[in-house]
$ cat entry01.txt   # compact mmCIF, C-alpha atoms
# COMPACT_ATOMS: atom_id res chain seq x y z
CA MET A 5 126.29 75.73 74.92
CA GLY A 6 127.12 72.70 77.05
CA ASN A 7 125.63 69.24 76.87
CA GLN A 8 122.50 68.13 78.75
CA VAL A 9 122.84 65.05 80.93
CA PHE A 10 121.07 63.34 83.82
CA MET A 11 123.34 63.51 86.85
CA GLN A 12 123.49 63.44 90.61
CA GLY A 13 124.08 66.81 92.28
CA ASN A 14 127.47 65.94 93.77
CA GLU A 15 128.75 64.46 90.51
CA ALA A 16 127.44 67.34 88.39
CA MET A 17 129.26 69.74 90.67
CA ALA A 18 132.51 67.75 90.44
CA GLU A 19 132.37 67.60 86.64
CA SER A 20 131.58 71.31 86.48
CA ALA A 21 134.52 72.09 88.76
CA ILE A 22 136.85 70.21 86.40
CA ARG A 23 135.39 72.07 83.42
CA ALA A 24 135.85 75.37 85.30
CA GLY A 25 139.59 74.71 85.58
CA CYS A 26 139.79 73.08 89.02
CA LYS A 27 142.22 70.24 88.34
CA LEU A 28 143.30 69.89 91.99
CA PHE A 29 141.07 68.15 94.50
CA PHE A 30 142.06 67.18 98.03
CA GLY A 31 139.58 65.39 100.23
CA TYR A 32 138.59 62.82 102.79
CA PRO A 33 135.41 60.81 102.19
CA ILE A 34 132.38 61.56 104.33
CA THR A 35 128.69 60.97 103.67
CA PRO A 36 126.80 62.65 101.98
CA SER A 37 129.64 64.29 99.98
CA SER A 38 131.75 61.23 99.13
CA GLU A 39 130.65 61.16 95.49
CA VAL A 40 132.74 64.28 94.86
CA PRO A 41 136.16 62.77 95.69
CA GLU A 42 135.06 59.51 94.05
CA TYR A 43 134.30 61.42 90.84
CA TYR A 44 137.67 63.17 90.90
CA ALA A 45 139.45 59.85 91.51
CA ARG A 46 137.75 58.31 88.46
CA ALA A 47 138.40 61.37 86.32
CA MET A 48 142.10 61.36 87.22
CA ARG A 49 142.38 57.72 86.16
CA GLU A 50 140.20 57.87 83.05
CA ARG A 51 141.18 61.31 81.68
CA PRO A 52 144.97 61.59 82.13
CA GLU A 53 145.22 64.14 79.33
CA GLU A 54 143.41 66.73 81.51
CA GLY A 55 146.07 66.81 84.23
CA ILE A 56 143.66 66.15 87.10
CA THR A 57 145.16 65.50 90.54
CA PHE A 58 143.22 63.90 93.37
CA ILE A 59 144.79 63.20 96.75
CA GLN A 60 142.91 61.44 99.54
CA ALA A 61 144.25 63.17 102.63
CA GLU A 62 144.62 61.46 105.98
CA THR A 63 142.09 63.85 107.56
CA GLU A 64 139.93 66.81 106.63
CA VAL A 65 142.46 69.03 108.42
CA ALA A 66 145.10 67.95 105.92
CA ALA A 67 142.74 68.31 102.95
CA PHE A 68 141.78 71.89 103.82
CA ASN A 69 145.41 72.87 104.27
CA MET A 70 146.36 71.24 100.96
CA VAL A 71 143.74 73.46 99.33
CA ALA A 72 145.28 76.48 101.06
CA GLY A 73 148.72 75.54 99.76
CA ALA A 74 147.51 75.12 96.20
CA ALA A 75 145.55 78.38 96.38
CA ALA A 76 148.70 80.19 97.51
CA THR A 77 150.29 79.31 94.14
CA GLY A 78 147.35 80.75 92.19
CA HIS A 79 145.85 77.40 91.18
CA ARG A 80 142.17 76.49 91.42
CA ALA A 81 141.73 73.91 94.17
CA MET A 82 138.74 72.46 96.00
CA THR A 83 137.66 70.10 98.75
CA ALA A 84 134.27 68.70 99.67
CA THR A 85 133.07 67.54 103.06
CA SER A 86 130.14 67.42 105.46
CA GLY A 87 129.47 68.86 108.93
CA PRO A 88 132.09 67.10 111.11
CA GLY A 89 134.73 67.49 108.39
CA PHE A 90 133.93 71.18 107.95
CA SER A 91 134.37 71.63 111.70
CA LEU A 92 137.89 70.21 111.38
CA GLY A 93 138.71 72.61 108.55
CA GLN A 94 137.86 75.82 110.40
CA GLU A 95 141.43 76.87 111.20
CA ALA A 96 142.32 76.62 107.53
CA MET A 97 139.18 78.58 106.59
CA SER A 98 140.07 81.53 108.81
CA TYR A 99 143.67 81.35 107.56
CA MET A 100 142.68 81.42 103.90
CA SER A 101 140.33 84.33 104.59
CA ALA A 102 143.01 86.37 106.38
CA ALA A 103 145.70 85.48 103.83
CA ASP A 104 143.51 86.44 100.84
CA LEU A 105 143.58 82.98 99.30
CA PRO A 106 140.91 82.08 96.71
CA ALA A 107 139.48 78.57 96.85
CA VAL A 108 136.16 76.74 96.78
CA ILE A 109 134.99 74.66 99.74
CA VAL A 110 131.95 72.44 99.36
CA GLU A 111 129.85 71.31 102.29
CA ILE A 112 126.96 68.90 101.82
CA MET A 113 125.16 69.26 105.13
CA ARG A 114 124.04 66.38 107.31
CA ALA A 115 122.19 66.35 110.62
CA GLY A 116 123.96 67.18 113.86
CA PRO A 117 125.08 68.11 116.44
CA ALA A 118 128.39 66.23 116.36
CA ASP A 119 128.37 63.17 114.07
CA GLY A 120 124.57 63.23 114.01
CA GLU A 121 122.85 61.48 111.12
CA ILE A 122 123.85 61.13 107.47
CA LEU A 123 120.51 62.48 106.18
CA ALA A 124 119.96 66.03 104.97
CA ALA A 125 119.78 68.99 107.33
CA GLN A 126 120.59 72.71 107.38
CA GLY A 127 122.12 73.08 110.81
CA ASP A 128 125.46 74.41 109.59
CA TYR A 129 124.13 77.83 108.56
CA PHE A 130 125.74 79.58 111.53
CA GLN A 131 129.06 77.84 110.95
CA ALA A 132 129.12 78.85 107.28
CA THR A 133 127.85 82.42 107.51
CA LYS A 134 129.13 83.64 110.85
CA GLY A 135 132.70 82.36 110.59
CA GLY A 136 133.22 78.96 112.18
CA GLY A 137 136.86 79.70 112.96
CA HIS A 138 138.20 82.54 115.06
CA GLY A 139 138.46 86.21 114.23
CA ASP A 140 136.38 88.62 112.18
CA TYR A 141 135.96 87.02 108.78
CA HIS A 142 133.34 85.86 106.29
CA LEU A 143 133.10 83.37 103.46
CA ILE A 144 131.16 83.85 100.26
CA VAL A 145 128.38 81.28 100.71
CA LEU A 146 126.31 80.06 97.75
CA ALA A 147 123.25 77.89 98.45
CA PRO A 148 122.07 75.82 95.45
CA SER A 149 118.57 74.32 95.38
CA THR A 150 118.82 72.31 92.15
CA VAL A 151 121.34 70.06 90.44
CA GLN A 152 121.67 72.74 87.76
CA GLU A 153 122.73 75.23 90.41
CA MET A 154 125.14 72.69 91.90
CA ALA A 155 126.80 72.67 88.48
CA ASP A 156 126.58 76.42 87.87
CA PHE A 157 127.64 77.65 91.28
CA VAL A 158 131.04 75.95 91.36
CA GLY A 159 132.25 78.03 88.40
CA LEU A 160 130.65 81.12 89.92
CA GLY A 161 132.30 80.29 93.24
CA PHE A 162 135.76 80.20 91.68
CA ASP A 163 135.12 83.42 89.75
CA LEU A 164 134.05 85.24 92.91
CA ALA A 165 136.86 83.71 94.97
CA PHE A 166 139.51 84.99 92.57
CA LYS A 167 137.77 88.33 92.02
CA TYR A 168 137.79 89.09 95.76
CA ARG A 169 140.68 86.78 96.74
CA THR A 170 138.73 85.02 99.43
CA PRO A 171 137.34 81.52 99.96
CA ALA A 172 133.92 80.76 98.51
CA MET A 173 131.69 78.04 99.88
CA ILE A 174 128.97 75.98 98.28
CA LEU A 175 126.57 75.04 101.06
CA ALA A 176 124.05 72.40 100.04
CA ASP A 177 122.13 69.81 102.01
CA GLY A 178 122.16 66.09 101.40
CA VAL A 179 118.94 66.16 99.37
CA VAL A 180 120.40 68.47 96.71
CA GLY A 181 123.73 66.68 96.73
CA GLN A 182 122.21 63.22 96.29
CA MET A 183 119.26 63.87 93.95
CA MET A 184 119.43 63.35 90.19
CA GLU A 185 118.04 65.84 87.65
CA LYS A 186 118.61 67.07 84.13
CA VAL A 187 121.54 69.47 83.99
CA VAL A 188 123.28 71.39 81.24
CA LEU A 189 127.03 71.27 81.82
CA ALA A 190 129.08 74.28 80.80
CA PRO A 191 131.74 73.78 78.14
CA GLN A 192 135.29 73.01 79.20
CA ARG A 193 137.24 76.18 79.85
CA PRO A 194 140.62 76.33 78.08
CA ARG A 195 143.31 74.75 80.22
CA LYS A 196 145.81 77.27 81.54
CA THR A 197 149.50 76.55 81.68
CA ASP A 198 151.54 77.11 84.83
CA GLU A 199 153.09 80.10 83.08
CA GLU A 200 149.66 81.63 82.36
CA ILE A 201 148.56 81.10 85.96
CA ALA A 202 151.77 82.70 87.22
CA ALA A 203 151.27 85.69 84.94
CA GLU A 204 147.69 86.25 86.14
CA CYS A 205 148.56 85.93 89.84
CA LYS A 206 152.05 87.39 89.85
CA SER A 207 151.14 90.22 92.22
CA TRP A 208 150.38 87.85 95.10
CA ALA A 209 150.97 84.15 94.38
CA THR A 210 153.98 82.20 95.62
CA TYR A 211 155.56 80.38 92.70
CA GLY A 212 159.26 81.10 93.07
CA LYS A 213 161.08 84.38 92.68
CA PRO A 214 161.52 85.46 89.07
CA ALA A 215 164.04 88.18 88.37
CA ASP A 216 161.36 90.68 87.38
CA ARG A 217 159.69 91.09 90.80
CA GLN A 218 160.08 90.88 94.54
CA ARG A 219 159.03 87.68 96.25
CA ASN A 220 155.43 87.36 97.41
CA ILE A 221 154.67 86.37 100.99
CA VAL A 222 151.42 84.69 102.01
CA THR A 223 150.68 85.13 105.68
CA SER A 224 147.92 85.97 108.14
CA LEU A 225 150.27 86.95 110.97
CA GLU A 226 151.51 90.33 112.13
CA LEU A 227 153.11 90.69 115.54
CA GLN A 228 152.37 94.40 115.76
CA SER A 229 148.78 95.25 116.67
CA GLU A 230 148.79 98.32 114.46
CA LYS A 231 149.62 96.21 111.40
CA MET A 232 147.12 93.52 112.35
CA GLU A 233 144.41 96.12 112.58
CA ILE A 234 145.24 97.29 109.06
CA ILE A 235 144.75 93.73 107.79
CA ASN A 236 141.41 93.48 109.58
CA LYS A 237 140.20 96.81 108.20
CA ARG A 238 141.16 95.76 104.69
CA LEU A 239 139.19 92.54 105.10
CA GLN A 240 136.15 94.45 106.33
CA GLU A 241 136.31 96.67 103.25
CA LYS A 242 136.30 93.51 101.12
CA TYR A 243 133.20 92.22 102.91
CA LYS A 244 131.52 95.59 102.48
CA ALA A 245 132.15 95.38 98.72
CA LEU A 246 130.67 91.87 98.68
CA GLU A 247 127.54 93.08 100.47
CA GLU A 248 127.16 95.95 98.01
CA ASN A 249 127.79 94.03 94.80
CA GLU A 250 127.25 90.28 95.13
CA VAL A 251 123.88 89.69 96.81
CA ARG A 252 121.86 87.06 94.94
CA TYR A 253 118.32 85.85 95.62
CA GLU A 254 115.14 84.63 93.93
CA ALA A 255 111.72 86.16 94.67
CA ILE A 256 108.60 84.15 93.80
CA ASP A 257 105.17 85.83 93.98
CA CYS A 258 106.48 88.47 96.38
CA ASP A 259 105.16 91.56 94.59
CA ASP A 260 101.66 91.34 96.09
CA ALA A 261 102.39 88.97 98.99
CA ASP A 262 100.88 89.57 102.41
CA TYR A 263 103.16 86.89 103.88
CA VAL A 264 106.61 85.78 102.73
CA ILE A 265 108.35 82.48 103.38
CA VAL A 266 112.16 82.64 103.46
CA ALA A 267 113.96 79.38 102.67
CA PHE A 268 117.11 78.10 100.97
CA GLY A 269 118.32 74.86 99.41
CA SER A 270 115.94 71.90 99.45
CA SER A 271 113.67 73.78 101.87
CA ALA A 272 113.02 76.38 99.18
CA ARG A 273 111.96 73.65 96.73
CA ILE A 274 109.41 72.41 99.25
CA CYS A 275 108.21 75.92 100.06
CA SER A 276 107.60 76.77 96.40
CA ALA A 277 104.84 74.14 96.55
CA THR A 278 103.57 75.74 99.76
CA VAL A 279 103.20 79.05 97.90
CA GLU A 280 101.12 77.32 95.20
CA MET A 281 98.90 75.67 97.83
CA ALA A 282 98.41 78.97 99.67
CA ARG A 283 97.57 80.85 96.48
CA ALA A 284 95.01 78.18 95.60
CA GLU A 285 93.32 78.95 98.92
CA GLY A 286 93.32 82.68 98.20
CA LEU A 287 96.22 83.48 100.52
CA LYS A 288 98.76 85.91 99.08
CA VAL A 289 101.99 84.15 100.02
CA GLY A 290 105.40 84.61 98.40
CA LEU A 291 108.82 82.99 98.69
CA LEU A 292 112.18 84.70 98.96
CA ARG A 293 115.06 82.29 98.40
CA PRO A 294 118.52 83.55 99.39
CA ILE A 295 121.08 82.30 96.89
CA THR A 296 123.96 83.99 98.69
CA LEU A 297 123.66 83.20 102.37
CA TYR A 298 126.60 85.55 102.73
CA PRO A 299 126.20 88.26 101.66
CA PHE A 300 122.62 87.88 102.87
CA PRO A 301 119.76 89.61 100.99
CA LYS A 302 118.98 92.04 103.78
CA LYS A 303 117.83 94.90 101.56
CA PRO A 304 115.13 92.95 99.64
CA LEU A 305 113.67 91.69 102.92
CA ALA A 306 113.70 95.17 104.40
CA GLU A 307 111.96 96.52 101.31
CA LEU A 308 109.25 93.87 101.54
CA ALA A 309 108.69 94.75 105.19
CA ALA A 310 108.53 98.46 104.34
CA ARG A 311 105.99 97.72 101.58
CA GLY A 312 103.65 96.22 104.15
CA VAL A 313 104.23 92.47 104.27
CA LYS A 314 102.37 91.30 107.37
CA GLY A 315 104.77 88.55 108.42
CA PHE A 316 107.73 86.37 107.48
CA LEU A 317 108.24 82.64 108.09
CA SER A 318 111.80 81.29 107.97
CA ALA A 319 111.52 77.62 107.00
CA GLU A 320 114.73 75.71 107.73
CA LEU A 321 115.85 72.17 108.51
CA ASN A 322 117.23 73.21 111.89
CA ALA A 323 116.17 74.70 115.22
CA GLY A 324 116.26 78.26 113.90
CA GLN A 325 119.40 79.85 112.44
CA MET A 326 118.73 81.87 109.30
CA VAL A 327 115.70 83.29 111.07
CA GLU A 328 118.07 85.52 113.04
CA ASP A 329 119.29 87.18 109.83
CA VAL A 330 115.70 87.56 108.63
CA ARG A 331 114.81 89.31 111.89
CA LEU A 332 117.81 91.61 111.59
CA ALA A 333 116.80 92.53 108.04
CA VAL A 334 113.12 93.12 108.87
CA ASN A 335 114.20 95.11 111.95
CA GLY A 336 110.88 94.90 113.79
CA ALA A 337 108.75 96.13 110.89
CA ALA A 338 106.80 92.84 110.80
CA PRO A 339 106.61 89.60 112.80
CA VAL A 340 109.21 86.95 111.92
CA GLU A 341 108.68 83.31 112.93
CA HIS A 342 110.60 80.07 112.41
CA PHE A 343 109.43 76.63 111.36
CA GLY A 344 111.75 73.66 111.03
CA ARG A 345 112.45 69.97 111.40
CA GLN A 346 115.65 68.46 112.79
CA GLY A 347 117.70 65.28 112.93
CA GLY A 348 117.43 64.58 109.19
CA MET A 349 113.62 64.95 109.08
CA MET A 350 112.09 66.89 106.18
CA PHE A 351 108.93 68.95 106.27
CA ALA A 352 106.14 68.75 103.67
CA PRO A 353 104.53 71.71 101.87
CA ASP A 354 101.28 71.36 103.83
CA GLU A 355 103.20 71.38 107.11
CA VAL A 356 104.79 74.70 106.18
CA LEU A 357 101.41 76.13 105.24
CA ALA A 358 99.92 74.95 108.53
CA ALA A 359 102.79 76.58 110.42
CA LEU A 360 102.32 79.81 108.47
CA LYS A 361 98.65 79.93 109.40
CA GLU A 362 99.27 79.05 113.04
CA LYS A 363 102.21 81.35 113.66
CA LEU A 364 101.27 84.39 111.56
CA ILE A 365 97.93 84.42 109.77
CA LYS A 366 95.66 83.33 112.64
CA LYS A 367 97.32 85.57 115.23
$ encode --input "entry01.txt" --output "structure tokens"
Amino acid sequence: MGNQVFMQGNEAMAESAIRAGCKLFFGYPITPSSEVPEYYARAMRERPEEGITFIQAETEVAAFNMVAGAAATGHRAMTATSGPGFSLGQEAMSYMSAADLPAVIVEIMRAGPADGEILAAQGDYFQATKGGGHGDYHLIVLAPSTVQEMADFVGLGFDLAFKYRTPAMILADGVVGQMMEKVVLAPQRPRKTDEEIAAECKSWATYGKPADRQRNIVTSLELQSEKMEIINKRLQEKYKALEENEVRYEAIDCDDADYVIVAFGSSARICSATVEMARAEGLKVGLLRPITLYPFPKKPLAELAARGVKGFLSAELNAGQMVEDVRLAVNGAAPVEHFGRQGGMMFAPDEVLAALKEKLIKK
């Protein structure tokens, strides 16, 4: 059992990443994620015995590609950024996906478009779940709603990344990254030597050419279309396996619900209060919180629609992004509406309830 502390979301995640074996962090400061590189910088200075390396790159482009290079050697590496920085890292994201490189990328969302505002928002859902770079690829996307999940999901992200050899992303908004809560930190995992890492990843990692095997090549490029199609088909099989085995979600009061709110991150925290308010008024309202934004919980939503839920409200801090995946999952079996705020504005529980009544219940 780990120790219980009172920590900020970003810092709890950074400490948990170190405890999960991520001793390599490359980053460029950007609000509201800057506490992550700051934490790694302090840890490198104050805990030299742990072998932590932090490099402040000249740009996010460099940081993302440093992560790719470290991942290619089988080491656990991470970067953290926000919207504009994540945009700059997209080429590296599609490369790591195509080259089967496991890593964890953290994005603490801020308002956009472009530089936008430094307050919380959820407008990067499309970029994270639909592939912000080019080509047919996906990232594993975990969406924490508490500081405890910020701490827990970084270890889970690395485990999934190495299991499927693909990048995993922690997508949180500025509220979750900046808030402070009680959190139980997992114990330190035993530190692995370079030799142990090489032995575990010897079938694919690039760490020199020992006499006992052929050299490994990390690449995303094939000049023959037939070979490139084989790579793409293999990636699609990986994504199919993710969709079959790694869907995670939380359902609150959905068993008897006539209406279901769908929300993630800080929006889900707000909407849990909406459910309580609605139930107090005699309205049977539930909340489905996707924990994996990719793979998305399509089947649970479809099952709720088939059971007879009368309508779904996708509550997001954007103009309407996740609502498209909710509509695809429900597939016309029930009305699906969107309610959101933008530009760094948050909604309140009573605003969500009012939107639910206006858009669905009173129709």
$ axis_aligned_box --input "entry01.txt" --around "stretch 130-139 of chain A" --padding-each-side "4 Å" --output "AutoDock Vina command-line options"
--center_x 132.1 --center_y 82.0 --center_z 111.2 --size_x 20.7 --size_y 16.4 --size_z 15.8
$ residues_around --input "entry01.txt" --residues "A:Asp354" --least-positions-apart "3" --cutoff "7 Å" --atoms "only C-alpha atoms" --output "PyMOL selection string"
chain A and resi 278+357-358
$ residues_around --input "entry01.txt" --residues "stretch 153-157 of chain A" --least-positions-apart "3" --cutoff "7 Å" --atoms "all atoms listed in the file" --output "ChimeraX atom specification"
/A:13,16-17,20,148-150,160-161,189
$ closest_residue --input "entry01.txt" --among "A:Ala323, A:Ala125, A:Met349, A:Ala309" --to "A:Gly269" --atoms "all atoms listed in the file"
A:Ala125
$ residues_around --input "entry01.txt" --residues "stretch 43-51 of chain A" --least-positions-apart "3" --cutoff "12 Å" --atoms "all atoms listed in the file" --output "ChimeraX atom specification"
/A:11-23,26-33,37-40,54-60,81-84
$ write_last_selection --input "entry01.txt" --atoms "C-alpha atoms" --output "CSV table (one decimal), in the frame of the given file"
chain,number,residue,atom,x,y,z
A,11,MET,CA,123.3,63.5,86.8
A,12,GLN,CA,123.5,63.4,90.6
A,13,GLY,CA,124.1,66.8,92.3
A,14,ASN,CA,127.5,65.9,93.8
A,15,GLU,CA,128.8,64.5,90.5
A,16,ALA,CA,127.4,67.3,88.4
A,17,MET,CA,129.3,69.7,90.7
A,18,ALA,CA,132.5,67.8,90.4
A,19,GLU,CA,132.4,67.6,86.6
A,20,SER,CA,131.6,71.3,86.5
A,21,ALA,CA,134.5,72.1,88.8
A,22,ILE,CA,136.8,70.2,86.4
A,23,ARG,CA,135.4,72.1,83.4
A,26,CYS,CA,139.8,73.1,89.0
A,27,LYS,CA,142.2,70.2,88.3
A,28,LEU,CA,143.3,69.9,92.0
A,29,PHE,CA,141.1,68.2,94.5
A,30,PHE,CA,142.1,67.2,98.0
A,31,GLY,CA,139.6,65.4,100.2
A,32,TYR,CA,138.6,62.8,102.8
A,33,PRO,CA,135.4,60.8,102.2
A,37,SER,CA,129.6,64.3,100.0
A,38,SER,CA,131.8,61.2,99.1
A,39,GLU,CA,130.6,61.2,95.5
A,40,VAL,CA,132.7,64.3,94.9
A,54,GLU,CA,143.4,66.7,81.5
A,55,GLY,CA,146.1,66.8,84.2
A,56,ILE,CA,143.7,66.2,87.1
A,57,THR,CA,145.2,65.5,90.5
A,58,PHE,CA,143.2,63.9,93.4
A,59,ILE,CA,144.8,63.2,96.8
A,60,GLN,CA,142.9,61.4,99.5
A,81,ALA,CA,141.7,73.9,94.2
A,82,MET,CA,138.7,72.5,96.0
A,83,THR,CA,137.7,70.1,98.8
A,84,ALA,CA,134.3,68.7,99.7
$ closest_residue --input "entry01.txt" --among "A:Pro106, A:Pro36, A:Gly136, A:Gly212" --to "A:Tyr168" --atoms "all atoms listed in the file"
A:Pro106
$ decode --input "entry01.txt" --residues "stretch 94-115 of chain A" --atoms "N, CA and C atoms" --output "compact mmCIF listing (two decimals), in the first residue's frame"
# COMPACT_ATOMS: atom_id res chain seq x y z
N GLN A 94 2.33 16.42 -33.21
CA GLN A 94 1.52 15.45 -33.94
C GLN A 94 2.31 14.55 -34.89
N GLU A 95 3.34 15.09 -35.53
CA GLU A 95 4.13 14.24 -36.43
C GLU A 95 4.78 13.11 -35.64
N ALA A 96 5.32 13.45 -34.48
CA ALA A 96 5.94 12.42 -33.64
C ALA A 96 4.90 11.41 -33.15
N MET A 97 3.67 11.86 -32.87
CA MET A 97 2.63 10.94 -32.41
C MET A 97 2.30 9.91 -33.49
N SER A 98 2.11 10.37 -34.72
CA SER A 98 1.79 9.41 -35.78
C SER A 98 2.98 8.50 -36.05
N TYR A 99 4.21 9.03 -35.91
CA TYR A 99 5.39 8.19 -36.10
C TYR A 99 5.48 7.11 -35.03
N MET A 100 5.32 7.49 -33.77
CA MET A 100 5.39 6.49 -32.70
C MET A 100 4.31 5.43 -32.87
N SER A 101 3.13 5.84 -33.30
CA SER A 101 2.05 4.88 -33.51
C SER A 101 2.41 3.89 -34.61
N ALA A 102 2.92 4.39 -35.74
CA ALA A 102 3.25 3.52 -36.87
C ALA A 102 4.47 2.66 -36.58
N ALA A 103 5.40 3.17 -35.75
CA ALA A 103 6.62 2.43 -35.47
C ALA A 103 6.50 1.54 -34.23
N ASP A 104 5.30 1.45 -33.67
CA ASP A 104 5.05 0.57 -32.51
C ASP A 104 5.89 0.94 -31.30
N LEU A 105 5.95 2.22 -30.99
CA LEU A 105 6.77 2.68 -29.88
C LEU A 105 5.89 3.02 -28.67
N PRO A 106 6.16 2.40 -27.53
CA PRO A 106 5.35 2.67 -26.33
C PRO A 106 5.87 3.89 -25.56
N ALA A 107 4.97 4.79 -25.23
CA ALA A 107 5.33 5.98 -24.47
C ALA A 107 4.05 6.55 -23.88
N VAL A 108 4.19 7.47 -22.93
CA VAL A 108 3.04 8.16 -22.37
C VAL A 108 3.16 9.64 -22.66
N ILE A 109 2.11 10.21 -23.22
CA ILE A 109 2.02 11.63 -23.52
C ILE A 109 0.90 12.21 -22.67
N VAL A 110 1.19 13.28 -21.98
CA VAL A 110 0.21 13.93 -21.12
C VAL A 110 -0.21 15.25 -21.76
N GLU A 111 -1.51 15.46 -21.86
CA GLU A 111 -1.99 16.78 -22.26
C GLU A 111 -2.98 17.30 -21.24
N ILE A 112 -2.67 18.46 -20.68
CA ILE A 112 -3.57 19.16 -19.77
C ILE A 112 -4.24 20.26 -20.59
N MET A 113 -5.48 20.04 -20.95
CA MET A 113 -6.15 20.89 -21.95
C MET A 113 -6.42 22.31 -21.45
N ARG A 114 -6.27 23.25 -22.36
CA ARG A 114 -6.63 24.64 -22.15
C ARG A 114 -7.55 25.06 -23.30
N ALA A 115 -8.13 26.25 -23.15
CA ALA A 115 -9.10 26.71 -24.15
C ALA A 115 -8.40 27.10 -25.45
